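Asks: Input structure: work-v7.cif, which contains mmCIF, C-alpha atoms and all ligand atoms.
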data_query
loop_
_atom_site.label_atom_id
_atom_site.label_comp_id
_atom_site.auth_asym_id
_atom_site.auth_seq_id
_atom_site.Cartn_x
_atom_site.Cartn_y
_atom_site.Cartn_z
CA LEU A 1 0.00 0.00 0.00
CA ASN A 2 1.17 3.49 -0.67
CA GLU A 3 2.25 5.00 2.64
CA LEU A 4 1.04 8.52 1.93
CA PHE A 5 -2.45 7.64 0.75
CA SER A 6 -3.08 4.79 3.16
CA SER A 7 -2.37 7.09 6.08
CA LEU A 8 -4.59 9.95 4.85
CA PRO A 9 -7.90 10.67 6.57
CA THR A 10 -11.06 11.18 4.46
CA THR A 11 -11.29 14.78 3.27
CA ILE A 12 -13.07 17.10 5.69
CA PHE A 13 -15.61 18.04 2.97
CA GLU A 14 -16.87 14.46 2.75
CA VAL A 15 -16.84 14.03 6.53
CA MET A 16 -18.86 17.18 7.19
CA SER A 17 -21.33 16.67 4.30
CA LYS A 18 -22.03 13.13 5.51
CA LEU A 19 -22.62 14.43 9.04
CA ALA A 20 -24.88 17.17 7.65
CA MET A 21 -26.96 14.56 5.85
CA GLU A 22 -27.21 12.32 8.90
CA HIS A 23 -28.45 15.21 11.04
CA GLY A 24 -30.48 17.09 8.44
CA SER A 25 -28.53 20.27 9.11
CA VAL A 26 -28.13 23.36 6.93
CA ASN A 27 -24.91 22.59 5.10
CA LEU A 28 -22.69 25.67 5.03
CA GLY A 29 -19.67 23.38 4.89
CA GLN A 30 -18.72 22.03 1.47
CA GLY A 31 -18.72 24.92 -0.99
CA PHE A 32 -21.21 24.65 -3.81
CA PRO A 33 -23.97 26.92 -5.05
CA ASP A 34 -27.66 26.12 -4.67
CA ALA A 35 -28.55 27.94 -7.90
CA GLU A 36 -27.50 26.22 -11.10
CA GLY A 37 -25.74 27.56 -14.17
CA PRO A 38 -27.19 28.66 -17.54
CA GLU A 39 -29.98 26.55 -19.09
CA THR A 40 -28.39 26.97 -22.54
CA MET A 41 -25.37 25.01 -21.32
CA LYS A 42 -27.50 22.11 -20.09
CA GLU A 43 -29.33 22.05 -23.43
CA ILE A 44 -26.07 21.99 -25.40
CA ALA A 45 -24.62 19.23 -23.23
CA SER A 46 -27.66 16.99 -23.62
CA LYS A 47 -28.03 17.74 -27.33
CA ALA A 48 -24.35 16.91 -27.87
CA MET A 49 -24.99 13.46 -26.37
CA TYR A 50 -27.86 12.85 -28.80
CA ASP A 51 -25.72 14.20 -31.66
CA PHE A 52 -23.19 11.40 -31.21
CA HIS A 53 -20.51 13.35 -29.32
CA ASN A 54 -19.91 10.33 -27.14
CA GLN A 55 -16.51 8.93 -28.13
CA TYR A 56 -13.05 9.92 -26.92
CA PRO A 57 -12.22 13.47 -27.97
CA SER A 58 -8.57 14.62 -28.29
CA LEU A 59 -6.63 14.24 -25.07
CA LEU A 60 -6.04 18.01 -25.15
CA GLY A 61 -9.76 18.84 -25.26
CA VAL A 62 -12.12 19.81 -28.08
CA PRO A 63 -10.78 22.71 -30.21
CA GLU A 64 -13.82 24.92 -29.65
CA LEU A 65 -13.34 24.83 -25.87
CA ARG A 66 -9.58 25.38 -26.11
CA GLN A 67 -10.20 28.36 -28.40
CA ALA A 68 -12.80 29.70 -25.97
CA VAL A 69 -10.36 29.26 -23.05
CA ALA A 70 -7.70 31.24 -24.94
CA ARG A 71 -10.17 34.06 -25.72
CA HIS A 72 -11.41 34.09 -22.12
CA SER A 73 -7.83 34.57 -20.91
CA GLU A 74 -7.25 37.46 -23.30
CA THR A 75 -10.61 39.15 -22.64
CA ASN A 76 -10.63 38.92 -18.87
CA GLN A 77 -6.96 39.19 -17.96
CA GLY A 78 -5.33 40.53 -21.12
CA ILE A 79 -3.12 37.44 -21.31
CA PRO A 80 -2.71 36.24 -24.91
CA VAL A 81 -2.79 32.46 -25.29
CA ASP A 82 -2.07 30.26 -28.32
CA TRP A 83 -4.94 27.79 -28.09
CA ALA A 84 -3.06 25.13 -30.06
CA THR A 85 0.00 24.90 -27.81
CA GLU A 86 -0.94 26.61 -24.54
CA THR A 87 -4.30 25.16 -23.45
CA LEU A 88 -5.51 21.92 -21.88
CA VAL A 89 -8.97 20.78 -20.78
CA THR A 90 -8.98 18.79 -17.53
CA VAL A 91 -11.38 16.82 -15.33
CA GLY A 92 -12.05 19.77 -13.09
CA ALA A 93 -9.25 21.87 -11.69
CA THR A 94 -8.57 18.98 -9.30
CA GLU A 95 -7.16 16.77 -12.03
CA GLY A 96 -5.38 19.78 -13.55
CA LEU A 97 -3.63 20.38 -10.24
CA ALA A 98 -2.60 16.74 -9.96
CA ALA A 99 -1.24 16.79 -13.54
CA CYS A 100 0.75 19.96 -12.75
CA PHE A 101 2.35 18.50 -9.62
CA LEU A 102 3.15 15.20 -11.34
CA GLY A 103 4.34 16.84 -14.56
CA LEU A 104 6.41 19.67 -13.13
CA LEU A 105 7.97 18.43 -9.89
CA ASN A 106 10.83 16.08 -9.09
CA PRO A 107 11.68 14.41 -5.77
CA GLY A 108 13.66 16.88 -3.69
CA ASP A 109 12.05 19.98 -5.19
CA GLU A 110 10.56 22.51 -2.80
CA VAL A 111 7.14 24.05 -3.39
CA ILE A 112 6.16 27.16 -1.46
CA MET A 113 2.48 27.15 -0.54
CA PHE A 114 0.52 29.70 1.44
CA ASP A 115 -0.94 28.29 4.63
CA PRO A 116 -3.92 27.68 4.94
CA MET A 117 -4.44 25.97 1.59
CA TYR A 118 -7.00 23.94 -0.35
CA ASP A 119 -6.57 20.36 0.80
CA SER A 120 -5.92 18.62 -2.53
CA TYR A 121 -2.58 20.41 -3.06
CA VAL A 122 -0.83 18.80 -0.15
CA SER A 123 -1.05 15.12 -0.95
CA MET A 124 -0.63 15.46 -4.71
CA ALA A 125 2.45 17.66 -4.37
CA ARG A 126 3.93 15.27 -1.79
CA ARG A 127 3.13 12.24 -3.98
CA SER A 128 5.32 13.80 -6.65
CA GLY A 129 8.18 13.64 -4.14
CA ALA A 130 8.34 17.38 -3.52
CA THR A 131 8.55 19.04 -0.12
CA ILE A 132 5.97 21.66 0.83
CA VAL A 133 7.35 24.81 2.41
CA PRO A 134 4.39 26.54 4.05
CA VAL A 135 4.29 30.32 4.47
CA ARG A 136 1.52 31.36 6.82
CA LEU A 137 -0.84 34.12 5.74
CA GLN A 138 -1.22 36.66 8.54
CA LEU A 139 -4.50 37.17 10.39
CA PRO A 140 -6.87 38.93 10.38
CA ASP A 141 -6.78 39.68 6.63
CA PHE A 142 -4.58 36.75 5.51
CA SER A 143 -1.89 39.09 4.20
CA VAL A 144 1.37 37.74 2.76
CA PRO A 145 4.39 38.04 5.09
CA LEU A 146 6.69 39.23 2.32
CA ASP A 147 9.95 39.07 4.29
CA GLU A 148 9.23 35.54 5.41
CA LEU A 149 8.35 34.56 1.85
CA ALA A 150 11.58 36.01 0.49
CA ALA A 151 13.55 34.20 3.19
CA VAL A 152 12.29 30.71 2.27
CA VAL A 153 13.07 30.94 -1.46
CA GLY A 154 16.27 28.98 -2.02
CA PRO A 155 18.16 26.87 -4.55
CA ARG A 156 15.69 23.97 -4.24
CA THR A 157 12.57 26.11 -4.73
CA LYS A 158 10.92 24.91 -7.95
CA MET A 159 7.44 26.36 -7.60
CA ILE A 160 5.27 28.87 -5.77
CA MET A 161 1.63 27.85 -5.55
CA LEU A 162 -0.85 30.69 -5.51
CA ASN A 163 -4.61 30.45 -5.02
CA SER A 164 -6.42 33.74 -5.53
CA PRO A 165 -9.27 34.29 -4.72
CA HIS A 166 -8.31 32.02 -1.88
CA ASN A 167 -9.93 28.97 -0.37
CA PRO A 168 -10.63 28.86 2.60
CA SER A 169 -10.19 32.55 3.51
CA GLY A 170 -11.86 34.43 0.63
CA LYS A 171 -8.76 36.62 0.37
CA VAL A 172 -8.02 38.27 -2.99
CA PHE A 173 -4.27 38.81 -3.35
CA THR A 174 -3.40 42.49 -3.86
CA ARG A 175 -1.42 43.90 -6.74
CA SER A 176 1.52 44.71 -4.49
CA GLU A 177 1.59 41.16 -3.08
CA LEU A 178 1.45 39.76 -6.61
CA GLU A 179 4.25 42.05 -7.76
CA ALA A 180 6.44 40.93 -4.89
CA ILE A 181 5.73 37.25 -5.69
CA ALA A 182 6.45 37.84 -9.39
CA GLU A 183 9.72 39.57 -8.57
CA LEU A 184 10.84 36.57 -6.48
CA CYS A 185 9.83 34.09 -9.21
CA ILE A 186 11.80 35.97 -11.84
CA ARG A 187 14.86 36.59 -9.64
CA HIS A 188 15.12 32.95 -8.55
CA ASP A 189 13.83 31.33 -11.75
CA VAL A 190 10.82 29.77 -10.02
CA ILE A 191 7.61 28.46 -11.69
CA ALA A 192 4.23 29.70 -10.43
CA LEU A 193 1.13 27.53 -10.31
CA CYS A 194 -1.98 29.71 -10.11
CA ASP A 195 -5.24 28.17 -8.98
CA GLU A 196 -7.75 30.78 -10.13
CA VAL A 197 -10.94 28.73 -10.03
CA TYR A 198 -12.71 31.61 -8.22
CA GLU A 199 -11.44 34.25 -10.69
CA HIS A 200 -14.90 35.73 -11.31
CA LEU A 201 -16.14 35.48 -7.73
CA VAL A 202 -14.98 38.82 -6.33
CA PHE A 203 -16.96 41.62 -4.72
CA GLY A 204 -16.79 44.69 -2.51
CA GLY A 205 -14.59 46.68 -4.91
CA ALA A 206 -11.89 43.99 -5.14
CA LYS A 207 -10.36 43.11 -8.50
CA HIS A 208 -8.90 39.76 -9.38
CA ILE A 209 -5.49 40.11 -11.01
CA SER A 210 -3.80 37.03 -12.40
CA LEU A 211 -0.14 36.58 -11.50
CA ARG A 212 0.28 35.41 -15.10
CA ALA A 213 -0.72 38.88 -16.34
CA LEU A 214 2.27 40.57 -14.69
CA PRO A 215 5.35 41.37 -16.79
CA GLY A 216 7.67 38.41 -17.25
CA MET A 217 5.21 35.92 -15.69
CA ALA A 218 3.43 34.46 -18.75
CA GLU A 219 6.42 32.26 -19.56
CA ARG A 220 6.75 30.84 -16.04
CA CYS A 221 3.16 30.59 -14.91
CA VAL A 222 0.44 27.95 -15.34
CA ARG A 223 -3.09 29.11 -14.63
CA LEU A 224 -6.13 26.95 -13.82
CA GLY A 225 -9.86 27.59 -14.15
CA SER A 226 -13.02 25.58 -13.43
CA ALA A 227 -16.46 25.39 -15.03
CA GLY A 228 -17.70 24.18 -11.66
CA LYS A 229 -17.06 27.62 -10.16
CA THR A 230 -17.52 29.79 -13.26
CA PHE A 231 -20.87 28.29 -14.23
CA SER A 232 -22.08 26.80 -10.92
CA PHE A 233 -21.95 23.27 -12.34
CA THR A 234 -19.67 21.72 -9.73
CA ALA A 235 -20.63 18.14 -10.66
CA TRP A 236 -19.56 18.54 -14.30
CA LYS A 237 -15.89 18.48 -13.33
CA VAL A 238 -14.64 20.37 -16.37
CA GLY A 239 -11.54 22.49 -15.85
CA TRP A 240 -9.02 24.23 -18.04
CA MET A 241 -5.42 25.29 -17.96
CA THR A 242 -3.25 27.79 -19.81
CA GLY A 243 0.51 28.08 -19.71
CA PRO A 244 3.65 28.27 -21.81
CA ALA A 245 4.21 25.29 -24.13
CA ARG A 246 7.44 24.22 -22.35
CA LEU A 247 5.53 23.78 -19.06
CA MET A 248 2.35 22.44 -20.65
CA SER A 249 4.24 19.63 -22.38
CA PRO A 250 5.06 17.48 -19.27
CA ILE A 251 1.70 18.39 -17.69
CA ILE A 252 -0.08 17.03 -20.78
CA LYS A 253 1.96 13.83 -20.51
CA ALA A 254 0.77 13.40 -16.92
CA HIS A 255 -2.84 14.22 -17.92
CA GLN A 256 -2.83 11.61 -20.69
CA PHE A 257 -2.24 8.84 -18.18
CA LEU A 258 -4.36 10.21 -15.37
CA VAL A 259 -7.60 10.51 -17.33
CA PHE A 260 -6.67 10.83 -21.03
CA THR A 261 -9.64 13.09 -21.80
CA VAL A 262 -12.86 14.77 -20.64
CA PRO A 263 -16.51 14.15 -21.78
CA SER A 264 -16.93 16.04 -25.05
CA SER A 265 -20.62 16.86 -24.52
CA LEU A 266 -19.72 18.82 -21.39
CA GLN A 267 -16.73 20.44 -23.10
CA ARG A 268 -18.99 21.76 -25.88
CA ALA A 269 -21.41 23.21 -23.34
CA VAL A 270 -18.57 24.90 -21.44
CA ALA A 271 -17.22 26.33 -24.72
CA HIS A 272 -20.63 27.87 -25.30
CA GLY A 273 -20.65 29.24 -21.76
CA LEU A 274 -17.25 30.89 -22.04
CA GLU A 275 -18.20 32.48 -25.37
CA ASN A 276 -21.79 33.51 -24.59
CA GLU A 277 -22.56 33.49 -20.88
CA SER A 278 -20.25 36.14 -19.47
CA GLU A 279 -23.31 37.90 -18.05
CA PHE A 280 -23.90 34.84 -15.88
CA TYR A 281 -20.41 34.52 -14.46
CA LEU A 282 -19.89 38.26 -14.05
CA SER A 283 -23.06 38.43 -11.93
CA LEU A 284 -21.84 35.80 -9.46
CA GLY A 285 -19.45 38.10 -7.58
CA PRO A 286 -21.97 40.84 -6.78
CA SER A 287 -24.61 38.32 -5.69
CA LEU A 288 -22.09 36.60 -3.40
CA GLY A 289 -21.23 40.04 -1.98
CA VAL A 290 -24.87 40.54 -0.97
CA LYS A 291 -25.03 37.09 0.62
CA ARG A 292 -21.79 37.69 2.45
CA ARG A 293 -23.05 40.94 3.97
CA TYR A 294 -26.18 39.20 5.17
CA LEU A 295 -24.35 36.25 6.72
CA GLU A 296 -21.71 38.53 8.19
CA GLU A 297 -24.35 40.64 9.93
CA GLN A 298 -26.12 37.60 11.34
CA LEU A 299 -22.91 36.00 12.60
CA ALA A 300 -21.59 39.23 14.07
CA ALA A 301 -24.90 39.74 15.91
CA LEU A 302 -24.43 36.30 17.47
CA GLY A 303 -20.91 37.19 18.62
CA PHE A 304 -18.76 35.50 15.95
CA GLY A 305 -15.74 37.52 14.84
CA VAL A 306 -16.01 37.66 11.06
CA LEU A 307 -12.71 38.07 9.18
CA PRO A 308 -12.47 40.23 6.06
CA ALA A 309 -12.72 38.68 2.57
CA HIS A 310 -13.37 39.84 -0.98
CA GLY A 311 -13.81 36.70 -3.03
CA ALA A 312 -14.68 33.00 -3.43
CA TYR A 313 -17.61 31.27 -1.76
CA PHE A 314 -16.39 31.57 1.79
CA LEU A 315 -16.44 33.52 5.01
CA VAL A 316 -14.14 32.74 7.93
CA ALA A 317 -15.21 33.47 11.48
CA ASP A 318 -13.45 33.35 14.82
CA VAL A 319 -15.45 30.92 16.94
CA SER A 320 -13.31 31.22 20.12
CA LYS A 321 -16.17 32.64 22.16
CA PHE A 322 -18.23 29.51 21.61
CA LEU A 323 -15.61 26.85 22.26
CA ARG A 324 -16.10 24.75 25.37
CA PRO A 325 -13.03 24.05 27.52
CA GLY A 326 -10.71 21.72 25.59
CA GLU A 327 -12.81 21.94 22.43
CA ASP A 328 -11.10 22.68 19.09
CA ASP A 329 -12.56 23.80 15.76
CA VAL A 330 -13.19 20.21 14.58
CA ALA A 331 -15.11 19.24 17.72
CA PHE A 332 -17.02 22.54 17.59
CA ALA A 333 -17.99 22.03 13.94
CA LYS A 334 -19.32 18.57 14.74
CA ARG A 335 -21.24 19.84 17.78
CA LEU A 336 -22.72 22.70 15.75
CA THR A 337 -24.02 20.18 13.21
CA VAL A 338 -25.53 17.85 15.80
CA GLU A 339 -26.87 20.43 18.28
CA GLY A 340 -27.20 23.64 16.26
CA GLY A 341 -28.34 22.27 12.92
CA VAL A 342 -25.68 24.13 10.93
CA THR A 343 -22.65 22.54 9.30
CA ILE A 344 -19.41 24.45 8.79
CA ILE A 345 -15.82 23.48 7.97
CA PRO A 346 -13.12 23.68 10.66
CA ILE A 347 -10.09 25.52 9.30
CA SER A 348 -7.29 23.62 11.03
CA GLY A 349 -7.45 20.93 8.32
CA PHE A 350 -6.35 23.51 5.73
CA TYR A 351 -3.09 24.21 7.56
CA VAL A 352 0.15 22.33 6.95
CA GLY A 353 2.55 24.21 9.25
CA SER A 354 2.88 23.55 12.98
CA SER A 355 0.69 25.12 15.69
CA LYS A 356 -2.38 25.39 13.48
CA PRO A 357 -5.10 27.80 14.58
CA THR A 358 -8.01 25.87 16.08
CA HIS A 359 -10.44 28.74 16.63
CA LEU A 360 -11.52 29.46 13.03
CA ALA A 361 -14.37 28.07 10.94
CA ARG A 362 -15.32 28.46 7.29
CA TYR A 363 -18.89 29.19 6.26
CA ASP A 364 -20.02 28.69 2.67
CA ARG A 365 -22.23 31.63 1.77
CA THR A 366 -23.51 30.68 -1.66
CA TRP A 367 -26.91 29.79 -0.23
CA SER A 368 -29.93 31.78 -1.34
CA GLY A 369 -31.61 30.65 1.85
CA TYR A 370 -29.91 33.54 3.64
CA ARG A 371 -31.94 36.04 1.72
CA THR A 372 -35.22 34.24 1.37
CA GLY A 373 -35.44 33.63 5.08
CA LEU A 374 -35.14 29.86 4.73
CA LEU A 375 -32.07 29.64 6.94
CA PRO A 376 -33.91 28.77 10.16
CA ASP A 377 -35.94 26.16 8.29
CA ARG A 378 -33.45 23.34 8.18
CA GLN A 379 -35.49 20.95 6.12
CA ALA A 380 -36.51 23.50 3.52
CA SER A 381 -32.98 24.69 2.87
CA ASN A 382 -31.30 21.30 3.07
CA PRO A 383 -30.73 19.83 -0.41
CA TRP A 384 -30.59 16.31 1.04
CA GLY A 385 -33.48 16.85 3.45
N1 LIG B 401 -9.08 24.70 -6.24
C1 LIG B 401 -9.80 25.27 -5.27
C2 LIG B 401 -9.21 26.38 -4.48
C3 LIG B 401 -11.09 24.82 -5.00
O1 LIG B 401 -11.80 25.37 -4.01
C4 LIG B 401 -11.63 23.78 -5.78
C5 LIG B 401 -13.02 23.28 -5.56
N2 LIG B 401 -13.30 22.96 -4.28
C6 LIG B 401 -10.83 23.20 -6.78
C7 LIG B 401 -9.56 23.70 -6.98
C8 LIG B 401 -11.30 22.07 -7.60
O2 LIG B 401 -12.11 22.48 -8.65
P1 LIG B 401 -12.92 21.43 -9.54
O3 LIG B 401 -14.21 21.19 -8.85
O4 LIG B 401 -13.04 22.10 -10.86
O5 LIG B 401 -12.11 20.18 -9.62
N1 LIG B 402 -14.73 23.86 -3.38
C1 LIG B 402 -15.46 23.21 -2.36
C2 LIG B 402 -14.92 23.58 -1.01
O1 LIG B 402 -13.81 24.00 -0.87
C3 LIG B 402 -15.64 21.71 -2.51
C4 LIG B 402 -14.44 20.90 -2.24
C5 LIG B 402 -14.66 19.42 -2.30
O2 LIG B 402 -15.74 18.94 -2.00
N2 LIG B 402 -13.66 18.70 -2.64
O3 LIG B 402 -15.66 23.44 -0.09
#
Can the structure from this file be put into structure tokens for me?
Ligand code: PMP
Ligand code: GLN
Replies:
Amino acid sequence: LNELFSSLPTTIFEVMSKLAMEHGSVNLGQGFPDAEGPETMKEIASKAMYDFHNQYPSLLGVPELRQAVARHSETNQGIPVDWATETLVTVGATEGLAACFLGLLNPGDEVIMFDPMYDSYVSMARRSGATIVPVRLQLPDFSVPLDELAAVVGPRTKMIMLNSPHNPSGKVFTRSELEAIAELCIRHDVIALCDEVYEHLVFGGAKHISLRALPGMAERCVRLGSAGKTFSFTAWKVGWMTGPARLMSPIIKAHQFLVFTVPSSLQRAVAHGLENESEFYLSLGPSLGVKRRYLEEQLAALGFGVLPAHGAYFLVADVSKFLRPGEDDVAFAKRLTVEGGVTIIPISGFYVGSSKPTHLARYDRTWSGYRTGLLPDRQASNPWG
């Protein structure tokens, strides 16, 4: 048995969603929207199945989606992309991330990751033999400790992993933070892996800037997107990637033996979405902003200390006031599900470094129930109820 995977616990998302189902709680844990994406995309996907788009497409993805991905990059971030050599369609961003770690890293390489981080990075980067060097984002606004970051870049640093807008915090990296990261990458000849699945989910005056858009970064940066987040179809598991051909080449080799390809019916629907449904994805940020304000007010009124955020699905709150003696965030999250009827995600599981904070919890705030007053009605707002 593989030592790494056989010793891993089940991901916290699965654990908390299962508990939510068992107790019929309102699930503000695992992040997914309760409103679905554009009808046109569902129609195209189902029509494509009836139109015989049911056999293996190219391992790179269908040309119309790769062309749409290239145009989307240029339109939204001003980053030109050659669709023929610089794009790849993946099984969600999750598979794209795995292909990047396997294709780009060697045993002994160091990868700098900001702590806390999305859980799938850790195991897949370690499985490639690399060592994770965590740099802790500073509370309360999860800012980048630039001196500490500069100090850990060394001769073995191969990659800096950046996730903006950030899961679990909702932080949107600022231009000055991105410029400092870019400067380090260029000075030390380091690759950047940019998980930008929440690129359109920003609000409150924040602007998402891709690290790949900064001068000198296009040739050393791979950037990932997700139809799950951009079109609220999280079960479709269609993702995309853009990057320079020299980096894409080994990633594509890893992708070909991880999954080979992605359902072409869904790819065609996502191509349509990227070309024609910008109104949909550009409206997601403002609507999440409204939901955030509502949830923030309610939590603050109850005594939770809500931390600032400008993007993604999430809100992080300080739950210290509610912890019983000896109780940590994991035990609190379980108790809240069982006794309070609300499921959240404890944050300690997102940390890799030592002395993890155990007083923070993540709330998913994509639910329309906040606004329609369904929140107190557990059964009505529980999709499994
Ligand atoms: N990166 C981050 C930061 C995420 O939050 C998620 C979804 N939870 C993913 C990647 C994976 O995206 P997908 O569902 O497209 O595989
Ligand atoms: N993006 C979601 C989250 O972070 C779902 C993750 C998952 O279920 N793997 O909650």
Asks: Give the residue list for ligand LIG 401 (chain B) at 7 Å, counting all atoms listed in the file, as a VMD selection string, sorted by chain and then by residue number.
Replies: chain A and resid 31 91 to 95 118 163 166 to 167 195 197 226 to 229 234 237 to 239
Asks: Within 10 Å of ligand LIG 402 (chain B), counting only C-alpha atoms and all ligand atoms: which residues, as a compact mmCIF listing (two decimals) with C-alpha atoms, in the frame of the given file?
Replies:
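The resulting pocket34.txt:
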# COMPACT_ATOMS: atom_id res chain seq x y z
CA THR A 11 -11.29 14.78 3.27
CA ILE A 12 -13.07 17.10 5.69
CA PHE A 13 -15.61 18.04 2.97
CA GLU A 14 -16.87 14.46 2.75
CA VAL A 15 -16.84 14.03 6.53
CA MET A 16 -18.86 17.18 7.19
CA SER A 17 -21.33 16.67 4.30
CA LEU A 28 -22.69 25.67 5.03
CA GLY A 29 -19.67 23.38 4.89
CA GLN A 30 -18.72 22.03 1.47
CA GLY A 31 -18.72 24.92 -0.99
CA PHE A 32 -21.21 24.65 -3.81
CA PRO A 33 -23.97 26.92 -5.05
CA THR A 94 -8.57 18.98 -9.30
CA MET A 117 -4.44 25.97 1.59
CA TYR A 118 -7.00 23.94 -0.35
CA ASP A 119 -6.57 20.36 0.80
CA SER A 120 -5.92 18.62 -2.53
CA HIS A 166 -8.31 32.02 -1.88
CA ASN A 167 -9.93 28.97 -0.37
CA PRO A 168 -10.63 28.86 2.60
CA VAL A 197 -10.94 28.73 -10.03
CA TYR A 198 -12.71 31.61 -8.22
CA GLY A 228 -17.70 24.18 -11.66
CA LYS A 229 -17.06 27.62 -10.16
CA THR A 234 -19.67 21.72 -9.73
CA ALA A 235 -20.63 18.14 -10.66
CA ALA A 312 -14.68 33.00 -3.43
CA TYR A 313 -17.61 31.27 -1.76
CA PHE A 314 -16.39 31.57 1.79
CA ILE A 344 -19.41 24.45 8.79
CA ILE A 345 -15.82 23.48 7.97
CA PHE A 350 -6.35 23.51 5.73
CA ARG A 362 -15.32 28.46 7.29
CA TYR A 363 -18.89 29.19 6.26
CA ASP A 364 -20.02 28.69 2.67
Asks: To one decimal in Å, tell me the separation between atom CA of Tyr351 of chain A and atom CA of Pro116 of chain A.
Replies: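 Between atom CA of Tyr351 of chain A and atom CA of Pro116 of chain A the gap works out to 4.4 Å.
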Asks: Have a look at atom CA of Tyr294 of chain A and atom CA of Gly273 of chain A and let me know their distance in Å, one decimal.
Replies: 29.2 Å
Asks: Determine, counting only C-alpha atoms, which protein, DNA and RNA residues have an atom within 10 Å of an atom of segment 128-141 of chain A; residues of the same chain fewer than 2 positions away are not included. Present the result as a ChimeraX atom specification.
Replies: /A:98-117,121-126,143-146,148-149,152-153,156-161,169-172,306-309,316,318,351-354,356
Asks: Can you measure atom CA of Lys291 of chain A to atom CA of Ala361 of chain A for me? One decimal in Å is fine.
Replies: 17.4 Å
Asks: Measuring atom to atom with all atoms listed in the file, identify which of A:Leu162, A:Arg268, A:Leu247, A:Gly349 is nearest to Leu178 of chain A.
Replies: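 Nearest to Leu178 of chain A: A:Leu162.
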Asks: Smallest atom-to-atom distance to Glu183 of chain A: which of A:Arg220, A:His72, A:Lys42, A:His53, using all atoms listed in the file?
Replies: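 Between A:Arg220, A:His72, A:Lys42, A:His53, the residue approaching Glu183 of chain A most closely is A:Arg220.
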Asks: What's the 8 Å shell around His188 of chain A, counting all atoms listed in the file, without same-chain residues fewer than 3 positions away, as a PyMOL selection string?
Replies: chain A and resi 153-155+184-185
Asks: Looking at only C-alpha atoms, which of A:Ala48, A:Ala218, A:Ile347, A:Val89 is the one that sits closest to Val330 of chain A?
Replies: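 Closest residue, counting only C-alpha atoms: A:Ile347.
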Asks: Considering only C-alpha atoms, state which residue in the set A:Leu1, A:Met217, A:Phe257, A:Glu177 is at the smallest distance from Ala150 of chain A.
Replies: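 The answer is A:Glu177, which sits nearest to Ala150 of chain A.
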Asks: Which is closer to Asn27 of chain A than all the others in A:Leu284, A:Met49, A:Ile252, A:Leu336, using only C-alpha atoms?
Replies: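 Ranked by minimum distance to Asn27 of chain A, first place goes to A:Leu336.
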Asks: Kindly add N, CA and C atoms to the incomplete segment 196-207 of chain A and provide the output as a PDB file, in the frame of the given file.
Replies:
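Saved the output as rebuild.pdb:
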ATOM      1  N   GLU A 196      -6.853  29.619 -10.054  1.00  0.00           N
ATOM      2  CA  GLU A 196      -7.750  30.780 -10.130  1.00  0.00           C
ATOM      3  C   GLU A 196      -9.188  30.340 -10.395  1.00  0.00           C
ATOM      4  N   VAL A 197      -9.584  29.231  -9.764  1.00  0.00           N
ATOM      5  CA  VAL A 197     -10.940  28.730 -10.030  1.00  0.00           C
ATOM      6  C   VAL A 197     -12.018  29.733  -9.623  1.00  0.00           C
ATOM      7  N   TYR A 198     -11.702  30.613  -8.664  1.00  0.00           N
ATOM      8  CA  TYR A 198     -12.710  31.610  -8.220  1.00  0.00           C
ATOM      9  C   TYR A 198     -12.487  32.967  -8.876  1.00  0.00           C
ATOM     10  N   GLU A 199     -11.853  32.980 -10.059  1.00  0.00           N
ATOM     11  CA  GLU A 199     -11.440  34.250 -10.690  1.00  0.00           C
ATOM     12  C   GLU A 199     -12.574  35.259 -10.850  1.00  0.00           C
ATOM     13  N   HIS A 200     -13.801  34.783 -11.098  1.00  0.00           N
ATOM     14  CA  HIS A 200     -14.900  35.730 -11.310  1.00  0.00           C
ATOM     15  C   HIS A 200     -15.686  36.017 -10.034  1.00  0.00           C
ATOM     16  N   LEU A 201     -15.341  35.338  -8.946  1.00  0.00           N
ATOM     17  CA  LEU A 201     -16.140  35.480  -7.730  1.00  0.00           C
ATOM     18  C   LEU A 201     -15.490  36.487  -6.790  1.00  0.00           C
ATOM     19  N   VAL A 202     -15.524  37.747  -7.176  1.00  0.00           N
ATOM     20  CA  VAL A 202     -14.980  38.820  -6.330  1.00  0.00           C
ATOM     21  C   VAL A 202     -16.038  39.893  -6.146  1.00  0.00           C
ATOM     22  N   PHE A 203     -15.931  40.624  -5.032  1.00  0.00           N
ATOM     23  CA  PHE A 203     -16.960  41.620  -4.720  1.00  0.00           C
ATOM     24  C   PHE A 203     -16.366  42.688  -3.806  1.00  0.00           C
ATOM     25  N   GLY A 204     -17.208  43.657  -3.460  1.00  0.00           N
ATOM     26  CA  GLY A 204     -16.790  44.690  -2.510  1.00  0.00           C
ATOM     27  C   GLY A 204     -15.645  45.538  -3.038  1.00  0.00           C
ATOM     28  N   GLY A 205     -15.610  45.788  -4.347  1.00  0.00           N
ATOM     29  CA  GLY A 205     -14.590  46.680  -4.910  1.00  0.00           C
ATOM     30  C   GLY A 205     -13.277  45.977  -5.212  1.00  0.00           C
ATOM     31  N   ALA A 206     -13.151  44.695  -4.863  1.00  0.00           N
ATOM     32  CA  ALA A 206     -11.890  43.990  -5.140  1.00  0.00           C
ATOM     33  C   ALA A 206     -11.803  43.643  -6.620  1.00  0.00           C
ATOM     34  N   LYS A 207     -10.558  43.462  -7.088  1.00  0.00           N
ATOM     35  CA  LYS A 207     -10.360  43.110  -8.500  1.00  0.00           C
ATOM     36  C   LYS A 207      -9.426  41.906  -8.507  1.00  0.00           C
TER      37      LYS A 207
END
